[in-house]
$ cat my_file.cif   # mmCIF, C-alpha atoms and all ligand atoms
data_run
#
loop_
_atom_site.label_atom_id
_atom_site.label_comp_id
_atom_site.auth_asym_id
_atom_site.auth_seq_id
_atom_site.Cartn_x
_atom_site.Cartn_y
_atom_site.Cartn_z
CA MET A 59 16.30 24.78 16.01
CA SER A 60 15.81 23.06 12.69
CA PRO A 61 18.84 22.42 10.48
CA ALA A 62 19.83 24.90 7.75
CA PRO A 63 17.69 24.42 4.63
CA ASP A 64 20.62 23.08 2.58
CA ASP A 65 21.55 20.52 5.25
CA PRO A 66 19.65 17.27 4.66
CA GLY A 67 21.03 15.46 7.73
CA PHE A 68 21.64 11.72 8.03
CA GLY A 69 19.06 9.48 9.70
CA LEU A 70 18.41 5.94 10.90
CA TYR A 71 14.95 4.39 10.41
CA VAL A 72 14.02 1.30 12.46
CA HIS A 73 10.85 -0.57 11.48
CA TRP A 74 8.89 -2.51 14.10
CA PRO A 75 6.28 -4.51 12.15
CA PHE A 76 3.86 -5.63 14.89
CA CYS A 77 0.48 -4.22 15.98
CA LEU A 78 -2.20 -5.36 18.42
CA SER A 79 -4.74 -5.36 15.58
CA LYS A 80 -4.89 -4.27 11.97
CA CYS A 81 -6.67 -0.98 11.34
CA PRO A 82 -8.99 -1.20 8.31
CA TYR A 83 -7.42 1.78 6.49
CA CYS A 84 -3.76 0.89 7.01
CA ASP A 85 -1.46 -0.61 4.39
CA PHE A 86 1.78 -0.12 6.29
CA ASN A 87 3.93 -3.20 6.81
CA SER A 88 2.19 -4.19 10.03
CA HIS A 89 1.23 -7.62 11.31
CA VAL A 90 -0.59 -9.13 14.26
CA ARG A 91 1.26 -11.96 16.02
CA ALA A 92 0.27 -13.90 19.14
CA SER A 93 3.81 -13.67 20.46
CA VAL A 94 7.14 -12.18 19.47
CA ASP A 95 10.49 -13.62 20.53
CA GLN A 96 11.86 -10.37 21.89
CA ALA A 97 15.43 -11.56 22.42
CA ARG A 98 15.70 -12.78 18.79
CA TRP A 99 14.21 -9.57 17.44
CA ARG A 100 16.55 -7.42 19.50
CA GLY A 101 19.54 -9.47 18.34
CA ALA A 102 18.47 -9.28 14.69
CA LEU A 103 17.89 -5.53 14.71
CA ILE A 104 21.36 -5.03 16.18
CA ARG A 105 22.94 -7.33 13.59
CA GLU A 106 21.31 -5.51 10.70
CA LEU A 107 22.32 -2.18 12.23
CA ASP A 108 25.93 -3.42 12.44
CA HIS A 109 25.80 -4.43 8.78
CA TYR A 110 24.73 -1.00 7.52
CA ALA A 111 26.86 0.89 10.00
CA ALA A 112 29.98 -0.83 8.66
CA GLU A 113 29.37 0.95 5.33
CA THR A 114 28.62 4.36 6.77
CA ALA A 115 30.70 4.35 9.97
CA GLY A 116 31.85 7.67 11.40
CA ARG A 117 29.13 9.79 9.79
CA ARG A 118 27.26 12.30 11.94
CA LEU A 119 23.80 10.92 12.76
CA THR A 120 21.15 13.61 13.13
CA SER A 121 18.02 11.50 13.78
CA ILE A 122 16.69 8.07 14.67
CA PHE A 123 13.06 7.16 13.98
CA PHE A 124 11.32 4.07 15.37
CA GLY A 125 8.34 3.58 13.04
CA GLY A 126 5.83 0.86 12.39
CA GLY A 127 3.72 -0.98 12.93
CA THR A 128 3.56 -0.06 16.57
CA PRO A 129 7.02 0.63 18.04
CA SER A 130 5.46 1.48 21.40
CA LEU A 131 4.99 -2.30 21.71
CA MET A 132 8.79 -2.68 21.70
CA PRO A 133 10.43 -3.42 25.02
CA PRO A 134 12.26 -0.22 26.07
CA GLU A 135 15.42 -2.37 26.42
CA THR A 136 15.35 -3.04 22.67
CA VAL A 137 14.98 0.67 21.93
CA ALA A 138 17.88 1.38 24.33
CA ALA A 139 20.04 -1.31 22.71
CA VAL A 140 19.51 0.14 19.21
CA ILE A 141 20.32 3.68 20.39
CA GLU A 142 23.45 2.53 22.25
CA ARG A 143 24.64 0.65 19.20
CA ALA A 144 24.01 3.64 16.93
CA ASP A 145 26.10 5.70 19.36
CA ARG A 146 28.93 3.21 19.00
CA HIS A 147 28.92 3.28 15.19
CA TRP A 148 28.19 6.87 14.31
CA ARG A 149 28.84 10.31 15.79
CA LEU A 150 25.51 11.28 17.35
CA ALA A 151 24.72 14.96 16.80
CA ASP A 152 24.51 16.87 20.10
CA ASP A 153 20.91 17.71 19.29
CA ILE A 154 20.00 14.33 17.77
CA GLU A 155 16.24 13.82 17.40
CA ILE A 156 15.09 10.35 18.49
CA THR A 157 11.41 9.75 17.71
CA LEU A 158 9.21 6.78 18.52
CA GLU A 159 5.72 6.26 17.07
CA ALA A 160 3.26 5.31 19.79
CA ASN A 161 -0.34 4.19 19.89
CA PRO A 162 -2.23 6.09 22.59
CA THR A 163 -3.50 3.22 24.71
CA SER A 164 -3.00 3.37 28.45
CA VAL A 165 -0.65 0.38 28.41
CA GLU A 166 1.65 2.07 25.95
CA ALA A 167 1.54 5.43 27.73
CA GLY A 168 2.68 3.51 30.83
CA LYS A 169 5.91 2.71 28.97
CA PHE A 170 6.80 6.31 28.09
CA ALA A 171 9.16 6.76 31.05
CA GLY A 172 11.05 3.66 29.92
CA PHE A 173 11.36 5.00 26.38
CA ARG A 174 12.60 8.32 27.68
CA ALA A 175 15.19 6.56 29.83
CA ALA A 176 16.25 4.64 26.70
CA GLY A 177 17.05 7.94 24.96
CA VAL A 178 13.87 8.74 23.03
CA ASN A 179 13.27 12.51 23.05
CA ARG A 180 10.22 12.83 20.81
CA VAL A 181 7.02 10.78 20.43
CA SER A 182 4.49 10.79 17.64
CA LEU A 183 1.10 9.50 18.77
CA GLY A 184 -1.54 8.02 16.47
CA VAL A 185 -4.59 9.77 17.92
CA GLN A 186 -6.48 9.80 14.55
CA ALA A 187 -9.79 11.21 15.87
CA LEU A 188 -11.11 12.90 18.99
CA ASN A 189 -14.51 11.19 19.21
CA ASP A 190 -15.30 7.58 20.04
CA ALA A 191 -17.66 6.91 17.14
CA ASP A 192 -14.98 7.81 14.58
CA LEU A 193 -12.31 5.92 16.51
CA ARG A 194 -14.51 2.82 16.35
CA PHE A 195 -15.08 3.38 12.63
CA LEU A 196 -11.27 3.59 12.19
CA GLY A 197 -10.90 0.31 14.09
CA ARG A 198 -8.79 1.86 16.84
CA GLN A 199 -8.07 0.14 20.15
CA HIS A 200 -8.32 3.33 22.23
CA SER A 201 -11.04 5.79 23.21
CA ALA A 202 -10.79 9.57 22.79
CA ALA A 203 -10.34 9.97 26.56
CA GLU A 204 -7.50 7.45 26.55
CA ALA A 205 -5.82 9.22 23.63
CA LYS A 206 -6.07 12.60 25.39
CA ALA A 207 -4.60 11.09 28.56
CA ALA A 208 -1.73 9.61 26.54
CA VAL A 209 -1.02 13.02 24.98
CA GLU A 210 -0.87 14.51 28.50
CA ILE A 211 1.58 11.82 29.62
CA ALA A 212 3.68 12.43 26.50
CA ARG A 213 3.69 16.16 27.18
CA ARG A 214 5.17 15.54 30.61
CA ALA A 215 7.58 12.79 29.60
CA PHE A 216 9.14 14.20 26.44
CA LEU A 217 10.71 17.43 25.32
CA ARG A 218 8.84 17.16 22.03
CA TYR A 219 5.65 15.39 21.03
CA SER A 220 3.32 15.31 18.07
CA PHE A 221 0.13 13.50 17.19
CA ASP A 222 -1.59 12.31 14.03
CA LEU A 223 -5.16 12.95 12.97
CA ILE A 224 -7.01 11.54 9.96
CA TYR A 225 -9.62 13.74 8.28
CA ALA A 226 -12.05 13.49 5.35
CA ARG A 227 -13.78 10.61 7.11
CA PRO A 228 -17.11 9.62 5.55
CA ALA A 229 -19.71 12.34 6.09
CA GLN A 230 -17.35 14.56 8.09
CA SER A 231 -18.58 18.14 7.77
CA PRO A 232 -16.29 21.19 7.71
CA GLU A 233 -18.00 22.38 10.93
CA ALA A 234 -17.28 19.13 12.76
CA TRP A 235 -13.69 19.11 11.51
CA ARG A 236 -13.20 22.75 12.54
CA ALA A 237 -14.39 21.94 16.08
CA GLU A 238 -12.20 18.85 16.27
CA LEU A 239 -9.14 20.77 15.07
CA ALA A 240 -9.77 23.44 17.70
CA GLU A 241 -9.86 20.73 20.35
CA ALA A 242 -6.68 19.23 18.91
CA LEU A 243 -4.96 22.60 19.13
CA ASP A 244 -5.66 22.71 22.87
CA LEU A 245 -3.79 19.42 23.23
CA ALA A 246 -1.04 20.10 20.70
CA GLY A 247 2.57 20.99 21.41
CA ASP A 248 4.61 22.38 18.56
CA HIS A 249 3.90 19.73 15.91
CA LEU A 250 0.81 18.09 14.36
CA SER A 251 0.40 15.63 11.47
CA VAL A 252 -2.95 15.79 9.72
CA TYR A 253 -3.59 13.18 7.03
CA GLN A 254 -6.43 13.00 4.56
CA LEU A 255 -8.01 9.52 4.69
CA THR A 256 -6.68 7.53 1.73
CA ILE A 257 -8.49 4.41 0.64
CA GLU A 258 -5.70 1.93 0.00
CA PRO A 259 -6.71 -0.95 -2.30
CA GLU A 260 -5.15 -3.74 -0.20
CA THR A 261 -7.03 -2.91 3.01
CA ALA A 262 -10.42 -3.71 4.55
CA PHE A 263 -11.54 -0.16 3.64
CA GLY A 264 -10.34 -0.77 0.07
CA ALA A 265 -12.53 -3.91 -0.14
CA ALA A 266 -15.55 -2.14 1.43
CA HIS A 267 -15.12 0.73 -1.03
CA ARG A 268 -15.07 -1.66 -4.00
CA ARG A 269 -18.30 -3.22 -2.71
CA GLY A 270 -19.81 0.26 -2.62
CA GLU A 271 -20.16 0.13 1.17
CA LEU A 272 -17.78 2.95 2.06
CA PRO A 273 -18.65 6.45 0.93
CA VAL A 274 -15.61 8.71 0.62
CA ALA A 275 -15.30 12.49 0.56
CA ASP A 276 -15.57 13.86 -2.97
CA GLU A 277 -12.75 16.01 -4.36
CA ASP A 278 -14.41 19.34 -3.51
CA THR A 279 -15.13 18.36 0.09
CA ALA A 280 -11.60 17.01 0.53
CA ALA A 281 -10.17 20.22 -0.95
CA SER A 282 -12.21 22.44 1.35
CA LEU A 283 -11.23 20.35 4.40
CA PHE A 284 -7.57 20.64 3.32
CA GLU A 285 -7.83 24.42 2.99
CA LEU A 286 -9.63 24.73 6.31
CA THR A 287 -6.82 22.72 7.94
CA GLN A 288 -4.13 24.91 6.39
CA ASP A 289 -5.83 28.14 7.49
CA LEU A 290 -6.78 27.12 11.01
CA LEU A 291 -3.40 25.63 11.90
CA ALA A 292 -1.46 28.53 10.34
CA GLU A 293 -3.57 30.99 12.34
CA ALA A 294 -2.73 29.02 15.48
CA GLY A 295 1.02 29.33 14.79
CA LEU A 296 1.46 25.83 13.33
CA PRO A 297 1.82 26.48 9.59
CA ALA A 298 2.23 23.58 7.18
CA TYR A 299 5.84 22.75 6.35
CA GLU A 300 4.77 19.72 4.30
CA ILE A 301 1.48 18.52 2.78
CA SER A 302 0.30 16.89 6.01
CA ASN A 303 2.73 18.22 8.61
CA HIS A 304 2.48 21.38 10.66
CA ALA A 305 4.92 22.87 13.16
CA ARG A 306 5.98 25.99 14.93
CA PRO A 307 9.00 27.22 12.97
CA GLY A 308 12.02 25.31 14.29
CA ALA A 309 9.95 22.37 15.57
CA GLU A 310 9.77 20.44 12.29
CA SER A 311 10.55 16.71 12.41
CA ARG A 312 14.24 16.57 11.45
CA HIS A 313 13.99 12.93 10.46
CA ASN A 314 11.24 13.61 7.98
CA LEU A 315 13.10 16.66 6.70
CA THR A 316 15.97 14.31 5.83
CA TYR A 317 13.61 12.29 3.60
CA TRP A 318 12.10 15.36 2.01
CA ARG A 319 15.49 17.02 1.46
CA TYR A 320 16.66 13.78 -0.11
CA GLY A 321 19.36 13.18 2.46
CA ASP A 322 20.83 9.79 3.31
CA TYR A 323 19.20 7.42 5.76
CA VAL A 324 19.80 3.83 6.75
CA GLY A 325 16.65 1.69 7.03
CA ILE A 326 16.63 -1.49 9.12
CA GLY A 327 13.84 -3.90 10.07
CA PRO A 328 11.22 -5.60 7.85
CA GLY A 329 10.39 -3.67 4.68
CA ALA A 330 12.52 -0.66 5.66
CA HIS A 331 13.80 1.50 2.83
CA GLY A 332 17.11 3.34 2.84
CA ARG A 333 19.05 5.77 0.65
CA ILE A 334 22.79 5.82 1.17
CA THR A 335 25.49 7.55 -0.83
CA LEU A 336 28.68 5.49 -1.17
CA SER A 337 31.57 6.74 -3.31
CA GLY A 338 29.27 9.22 -5.02
CA ASP A 339 26.60 6.63 -5.90
CA LYS A 340 23.18 6.89 -4.31
CA LEU A 341 21.90 3.43 -3.42
CA ALA A 342 18.26 2.51 -2.81
CA THR A 343 17.95 -0.30 -0.29
CA ARG A 344 14.91 -2.30 0.82
CA GLN A 345 14.73 -5.06 3.40
CA HIS A 346 12.56 -8.22 3.25
CA ARG A 347 9.01 -7.28 4.10
CA ALA A 348 7.64 -10.38 5.82
CA PRO A 349 8.69 -10.37 9.49
CA GLU A 350 9.65 -14.06 9.63
CA ALA A 351 11.55 -13.96 6.31
CA TRP A 352 13.39 -10.87 7.53
CA LEU A 353 14.31 -12.49 10.85
CA ALA A 354 15.55 -15.69 9.19
CA ALA A 355 17.63 -13.77 6.62
CA VAL A 356 19.28 -11.58 9.25
CA GLU A 357 20.10 -14.58 11.42
CA ARG A 358 21.56 -16.35 8.37
CA SER A 359 23.45 -13.52 6.67
CA GLY A 360 23.61 -10.55 9.04
CA HIS A 361 21.14 -8.54 6.97
CA ALA A 362 17.87 -9.02 5.04
CA THR A 363 18.54 -6.75 2.08
CA GLN A 364 16.20 -7.64 -0.74
CA GLN A 365 16.98 -4.76 -3.02
CA ARG A 366 20.13 -2.67 -3.37
CA ASP A 367 20.22 -0.64 -6.57
CA PRO A 368 22.02 2.50 -7.67
CA VAL A 369 19.62 5.39 -8.30
CA GLY A 370 20.42 6.75 -11.79
CA PRO A 371 20.53 10.51 -12.54
CA GLN A 372 16.97 10.68 -13.92
CA ASP A 373 15.54 8.77 -10.94
CA ARG A 374 17.51 10.93 -8.54
CA LEU A 375 15.91 14.00 -10.06
CA ALA A 376 12.44 12.43 -9.94
CA GLU A 377 12.84 11.28 -6.33
CA MET A 378 14.19 14.64 -5.28
CA LEU A 379 11.23 16.46 -6.80
CA MET A 380 8.73 13.96 -5.38
CA MET A 381 10.09 14.43 -1.91
CA GLY A 382 11.10 18.10 -2.00
CA LEU A 383 7.93 19.52 -3.53
CA ARG A 384 5.96 18.09 -0.61
CA THR A 385 7.55 20.76 1.61
CA THR A 386 6.94 24.48 1.73
CA ASP A 387 10.73 24.99 1.31
CA GLY A 388 10.65 23.00 -1.92
CA VAL A 389 13.75 21.80 -3.72
CA ARG A 390 16.73 24.04 -3.01
CA ARG A 391 19.03 24.96 -5.87
CA ALA A 392 22.16 23.93 -3.97
CA ARG A 393 20.70 20.51 -3.08
CA LEU A 394 19.62 19.79 -6.65
CA ILE A 395 23.09 20.63 -7.96
CA ALA A 396 24.70 18.52 -5.22
CA GLU A 397 22.54 15.50 -6.14
CA THR A 398 22.28 15.76 -9.92
CA GLY A 399 25.15 18.03 -10.95
CA HIS A 400 22.68 20.29 -12.79
CA ALA A 401 20.69 23.45 -12.21
CA ILE A 402 16.87 23.27 -12.10
CA GLU A 403 16.49 25.00 -15.47
CA GLU A 404 18.86 22.51 -17.12
CA THR A 405 16.99 19.47 -15.84
CA LEU A 406 13.32 20.31 -16.39
CA ASP A 407 11.34 21.00 -19.55
CA PRO A 408 11.00 24.83 -19.67
CA LYS A 409 7.53 24.77 -21.29
CA ARG A 410 6.06 22.44 -18.69
CA LEU A 411 7.70 24.40 -15.92
CA GLU A 412 6.33 27.68 -17.26
CA ARG A 413 2.82 26.24 -17.61
CA LEU A 414 2.77 24.99 -14.03
CA ILE A 415 4.12 28.32 -12.77
CA ALA A 416 1.51 30.25 -14.78
CA GLY A 417 -1.20 27.91 -13.44
CA GLY A 418 -0.29 28.87 -9.86
CA PHE A 419 1.06 25.44 -8.88
CA LEU A 420 4.81 26.11 -8.76
CA VAL A 421 7.11 29.01 -7.90
CA ILE A 422 10.76 29.35 -8.91
CA ASP A 423 13.23 31.86 -7.48
CA ASP A 424 16.81 32.24 -6.24
CA ASP A 425 16.24 29.68 -3.46
CA GLY A 426 14.82 26.97 -5.69
CA LEU A 427 11.57 25.40 -6.89
CA ARG A 428 8.50 25.19 -4.65
CA ALA A 429 4.90 24.03 -4.95
CA THR A 430 2.21 26.49 -3.85
CA ALA A 431 -0.52 25.27 -1.46
CA ALA A 432 -2.66 24.51 -4.55
CA GLY A 433 0.26 22.61 -6.08
CA ARG A 434 0.89 20.62 -2.91
CA GLN A 435 -2.74 19.64 -2.75
CA ARG A 436 -2.54 18.03 -6.23
CA LEU A 437 1.10 17.11 -6.12
CA ASN A 438 0.72 13.83 -8.00
CA ALA A 439 -0.80 15.58 -11.00
CA VAL A 440 1.85 18.33 -10.88
CA LEU A 441 4.66 15.76 -10.74
CA SER A 442 3.31 13.65 -13.60
CA ASP A 443 3.09 16.76 -15.73
CA LEU A 444 6.55 17.99 -14.75
CA LEU A 445 8.26 14.63 -15.24
CA ALA A 446 6.33 13.42 -18.31
C1 LIG V 1 2.77 4.06 10.63
S1 LIG V 1 1.22 4.76 10.86
C2 LIG V 1 0.83 4.47 12.53
C3 LIG V 1 1.56 4.62 13.74
C4 LIG V 1 0.90 3.90 14.91
N1 LIG V 1 0.89 2.49 14.70
C5 LIG V 1 -0.56 4.30 15.12
O1 LIG V 1 -1.44 3.70 14.52
O2 LIG V 1 -0.79 5.18 15.92
C6 LIG V 1 1.45 6.50 10.80
C7 LIG V 1 0.22 7.30 10.54
O3 LIG V 1 -0.20 7.21 9.21
C8 LIG V 1 -1.54 7.60 9.13
N2 LIG V 1 -2.23 6.72 8.18
C9 LIG V 1 -2.03 5.40 8.00
N3 LIG V 1 -2.83 4.94 7.01
C10 LIG V 1 -3.56 6.00 6.55
C11 LIG V 1 -4.57 6.16 5.54
N4 LIG V 1 -4.98 5.13 4.80
N5 LIG V 1 -5.08 7.40 5.35
C12 LIG V 1 -4.64 8.44 6.09
N6 LIG V 1 -3.71 8.34 7.06
C13 LIG V 1 -3.17 7.12 7.29
C14 LIG V 1 -2.13 7.51 10.52
O4 LIG V 1 -2.44 8.80 10.99
C15 LIG V 1 -1.00 6.92 11.32
O5 LIG V 1 -0.94 7.39 12.62
S1 LIG V 2 -2.49 2.43 11.82
FE1 LIG V 2 -0.89 1.89 13.28
S2 LIG V 2 -1.88 0.42 14.71
FE2 LIG V 2 -3.16 0.54 12.92
S3 LIG V 2 -2.47 -1.18 11.66
FE3 LIG V 2 -1.39 0.68 10.93
S4 LIG V 2 0.50 0.68 12.00
FE4 LIG V 2 -0.84 -0.75 13.11
#
$ encode --input "my_file.cif" --output "structure tokens" --more "lines below"
Ligand SMILES: C[S@@+](CC[C@H](N)C(=O)[O-])C[C@H]1O[C@@H](n2cnc3c(N)ncnc32)[C@H](O)[C@@H]1O
Ligand code: SF4
Amino acid sequence: MSPAPDDPGFGLYVHWPFCLSKCPYCDFNSHVRASVDQARWRGALIRELDHYAAETAGRRLTSIFFGGGTPSLMPPETVAAVIERADRHWRLADDIEITLEANPTSVEAGKFAGFRAAGVNRVSLGVQALNDADLRFLGRQHSAAEAKAAVEIARRAFLRYSFDLIYARPAQSPEAWRAELAEALDLAGDHLSVYQLTIEPETAFGAAHRRGELPVADEDTAASLFELTQDLLAEAGLPAYEISNHARPGAESRHNLTYWRYGDYVGIGPGAHGRITLSGDKLATRQHRAPEAWLAAVERSGHATQQRDPVGPQDRLAEMLMMGLRTTDGVRRARLIAETGHAIEETLDPKRLERLIAGGFLVIDDDGLRATAAGRQRLNAVLSDLLA
């Protein structure tokens, strides 16, 4: 069961910044290191957790998410230690969702039983593609067969599992993508994340694109692949609940729903972001990004907070719209009032709102404000218009 639409939940995000190699498309805070001092990292994560827990103690925790980087490279003992500590500080919801992002290599799949024993009850696997040529192009360390085997192991080890695919790869035809999605549906449980390839400037793909060596899907092709994805997955019983996320109703990722519903979450580990409400003020927190700087700061001061700023009313509104309009539920009236003290109509320019509704990009009703599928597909443009 997913939480009631007006309940944003309260989550804990734990960032593990290490990977075996750097994928050419990825601009997440991920680093390759020859060795990691596991005992120091475990100690530092616990210390930073203690620091944030002291401010939010006693709250009911509805999700924990180990993200990265590659958290499946973490020793299961570290995962267990973080979960145990969270249990000491907060009240864990009976149905708490504890997700770990995993790369689908055989070595990592071999650790799934250990993660389950540590308390993880959901894995999200970075499958990315189901053919070896595209996996090589994406710089992945696993074959399609290995990824499929890892999905099978996840299916047996965990109550819930999901996997990620990346589409709109160079020269990918709608026919090829349709066939790949059908194959993915055979492997899927009740959740799938399907991301359109984004060329991030600070990556190897970004550099290749600037040199003119990486052709990317044009807008029309990307739009038709997006629509194809929406239709095929909805038909299969996994409708979109967010731009890139699909689930059987009730199987949505609760942790991500907390972000999109603009709930509170504590973020620990290098570069982690958090949003916590203390005495009515929403605070935006961000930890040091570089792994070594983070580790040194935590060992020195108990935390590596680099930024801790109150989010003013206008920014709260903007953040809430940016997050909420990604989902099919949109921004709920009750949540907007709870966060900003105002109704939707009092906070947004009526002319702009009307124009976007007339254009078929937004819908407003008794529940709140939502983007249509067309609006979600061009959300950045819709948001810049709405918030201009
Ligand atoms: C934190 S990342 C990766 C988790 C894990 N390390 C892995 O690679 O399997 C989460 C997901 O974001 C997606 N992603 C990362 N960079 C992307 C990009 N430039 N374009 C589209 N999807 C991207 C990938 O599907 C990836 O699995
Ligand atoms: S996609 Fe995953 S494995 Fe690849 S660099 Fe990014 S975080 Fe690491």
$ closest_residue --input "my_file.cif" --among "A:Ala351, A:Ala446, A:Val209, A:Ala203" --to "Asn161 in chain A" --atoms "all atoms listed in the file"
A:Val209
$ closest_residue --input "my_file.cif" --among "A:Ala330, A:Ala229, A:Ala246, A:Ala237" --to "ligand LIG 1 (chain V)" --atoms "all atoms listed in the file"
A:Ala330
$ residues_around --input "my_file.cif" --residues "Gly67 in chain A" --least-positions-apart "5" --cutoff "8 Å" --atoms "all atoms listed in the file" --output "mmCIF file with C-alpha atoms, keeping the file's coordinate frame"
data_model
loop_
_atom_site.group_PDB
_atom_site.id
_atom_site.type_symbol
_atom_site.label_atom_id
_atom_site.label_comp_id
_atom_site.auth_asym_id
_atom_site.auth_seq_id
_atom_site.Cartn_x
_atom_site.Cartn_y
_atom_site.Cartn_z
ATOM 1 C CA PRO A 61 18.840 22.420 10.480
ATOM 2 C CA LEU A 119 23.800 10.920 12.760
ATOM 3 C CA THR A 120 21.150 13.610 13.130
ATOM 4 C CA SER A 121 18.020 11.500 13.780
ATOM 5 C CA ARG A 312 14.240 16.570 11.450
ATOM 6 C CA HIS A 313 13.990 12.930 10.460
ATOM 7 C CA THR A 316 15.970 14.310 5.830
ATOM 8 C CA GLY A 321 19.360 13.180 2.460
ATOM 9 C CA ASP A 322 20.830 9.790 3.310
#
$ residues_near_ligand --input "my_file.cif" --ligand "ligand LIG 2 (chain V)" --cutoff "8 Å" --atoms "only C-alpha atoms and all ligand atoms" --output "number ranges by chain"
A: 75-89, 126-128, 161, 184, 197-198
$ closest_residue --input "my_file.cif" --among "A:Ile154, A:Leu379, A:Ile415, A:Ala138" --to "Arg391 in chain A" --atoms "all atoms listed in the file"
A:Leu379
$ atom_distance --input "my_file.cif" --atom1 "CA of Phe216 in chain A" --atom2 "CA of Val181 in chain A"
7.2 Å
$ residues_around --input "my_file.cif" --residues "Ala281 in chain A" --least-positions-apart "2" --cutoff "12 Å" --atoms "only C-alpha atoms" --output "JSON, numbers by chain"
{"A": [225, 226, 232, 254, 275, 276, 277, 278, 279, 283, 284, 285, 286, 287, 288, 431, 432, 433, 434, 435, 436]}
$ atom_distance --input "my_file.cif" --atom1 "CA of Ile211 in chain A" --atom2 "atom C12 of ligand LIG 1 (chain V)"
24.6 Å
$ residues_around --input "my_file.cif" --residues "Trp318 in chain A" --least-positions-apart "5" --cutoff "12 Å" --atoms "all atoms listed in the file" --output "ChimeraX atom specification"
/A:63-69,299-301,303,310-313,323,333,377-390,393
$ closest_residue --input "my_file.cif" --among "A:Asp289, A:Glu258, A:Asp407, A:Asp373" --to "ligand LIG 1 (chain V)" --atoms "only C-alpha atoms and all ligand atoms"
A:Glu258
$ residues_around --input "my_file.cif" --residues "range 170-174 of chain A" --least-positions-apart "5" --cutoff "7 Å" --atoms "all atoms listed in the file" --output "number ranges by chain"
A: 134, 179, 215-216
$ closest_residue --input "my_file.cif" --among "A:Leu414, A:Arg214, A:Ser282, A:Ile141" --to "Ala439 in chain A" --atoms "only C-alpha atoms"
A:Leu414
$ closest_residue --input "my_file.cif" --among "A:Glu159, A:Asp425, A:Glu106, A:Asp339" --to "ligand LIG 1 (chain V)" --atoms "all atoms listed in the file"
A:Glu159
$ residues_around --input "my_file.cif" --residues "Val274 in chain A" --least-positions-apart "3" --cutoff "9 Å" --atoms "only C-alpha atoms" --output "number ranges by chain"
A: 226-229, 255, 257, 267
$ write_last_selection --input "my_file.cif" --atoms "C-alpha atoms" --output "CSV table (one decimal), keeping the file's coordinate frame"
chain,number,residue,atom,x,y,z
A,226,ALA,CA,-12.0,13.5,5.4
A,227,ARG,CA,-13.8,10.6,7.1
A,228,PRO,CA,-17.1,9.6,5.6
A,229,ALA,CA,-19.7,12.3,6.1
A,255,LEU,CA,-8.0,9.5,4.7
A,257,ILE,CA,-8.5,4.4,0.6
A,267,HIS,CA,-15.1,0.7,-1.0
$ axis_aligned_box --input "my_file.cif" --around "range 298-303 of chain A" --padding-each-side "6 Å" --output "AutoDock Vina command-line options"
--center_x 3.1 --center_y 20.2 --center_z 5.7 --size_x 17.5 --size_y 18.7 --size_z 17.8
$ atom_distance --input "my_file.cif" --atom1 "CA of Gly247 in chain A" --atom2 "CA of Arg118 in chain A"
27.8 Å
$ closest_atom_pairs --input "my_file.cif" --of "range 119-236 of chain A" --to "range 91-100 of chain A" --cutoff "9 Å" --atoms "all atoms listed in the file" --output "Markdown table"
| residue | atom | partner | partner_atom | distance |
| --- | --- | --- | --- | --- |
| A:Met132 | CA | A:Gln96 | CA | 8.3 |
| A:Pro133 | CA | A:Gln96 | CA | 7.8 |
| A:Glu135 | CA | A:Arg100 | CA | 8.6 |
| A:Thr136 | CA | A:Arg100 | CA | 5.5 |
| A:Val137 | CA | A:Arg100 | CA | 8.6 |
| A:Ala139 | CA | A:Arg100 | CA | 7.7 |
| A:Val140 | CA | A:Arg100 | CA | 8.1 |
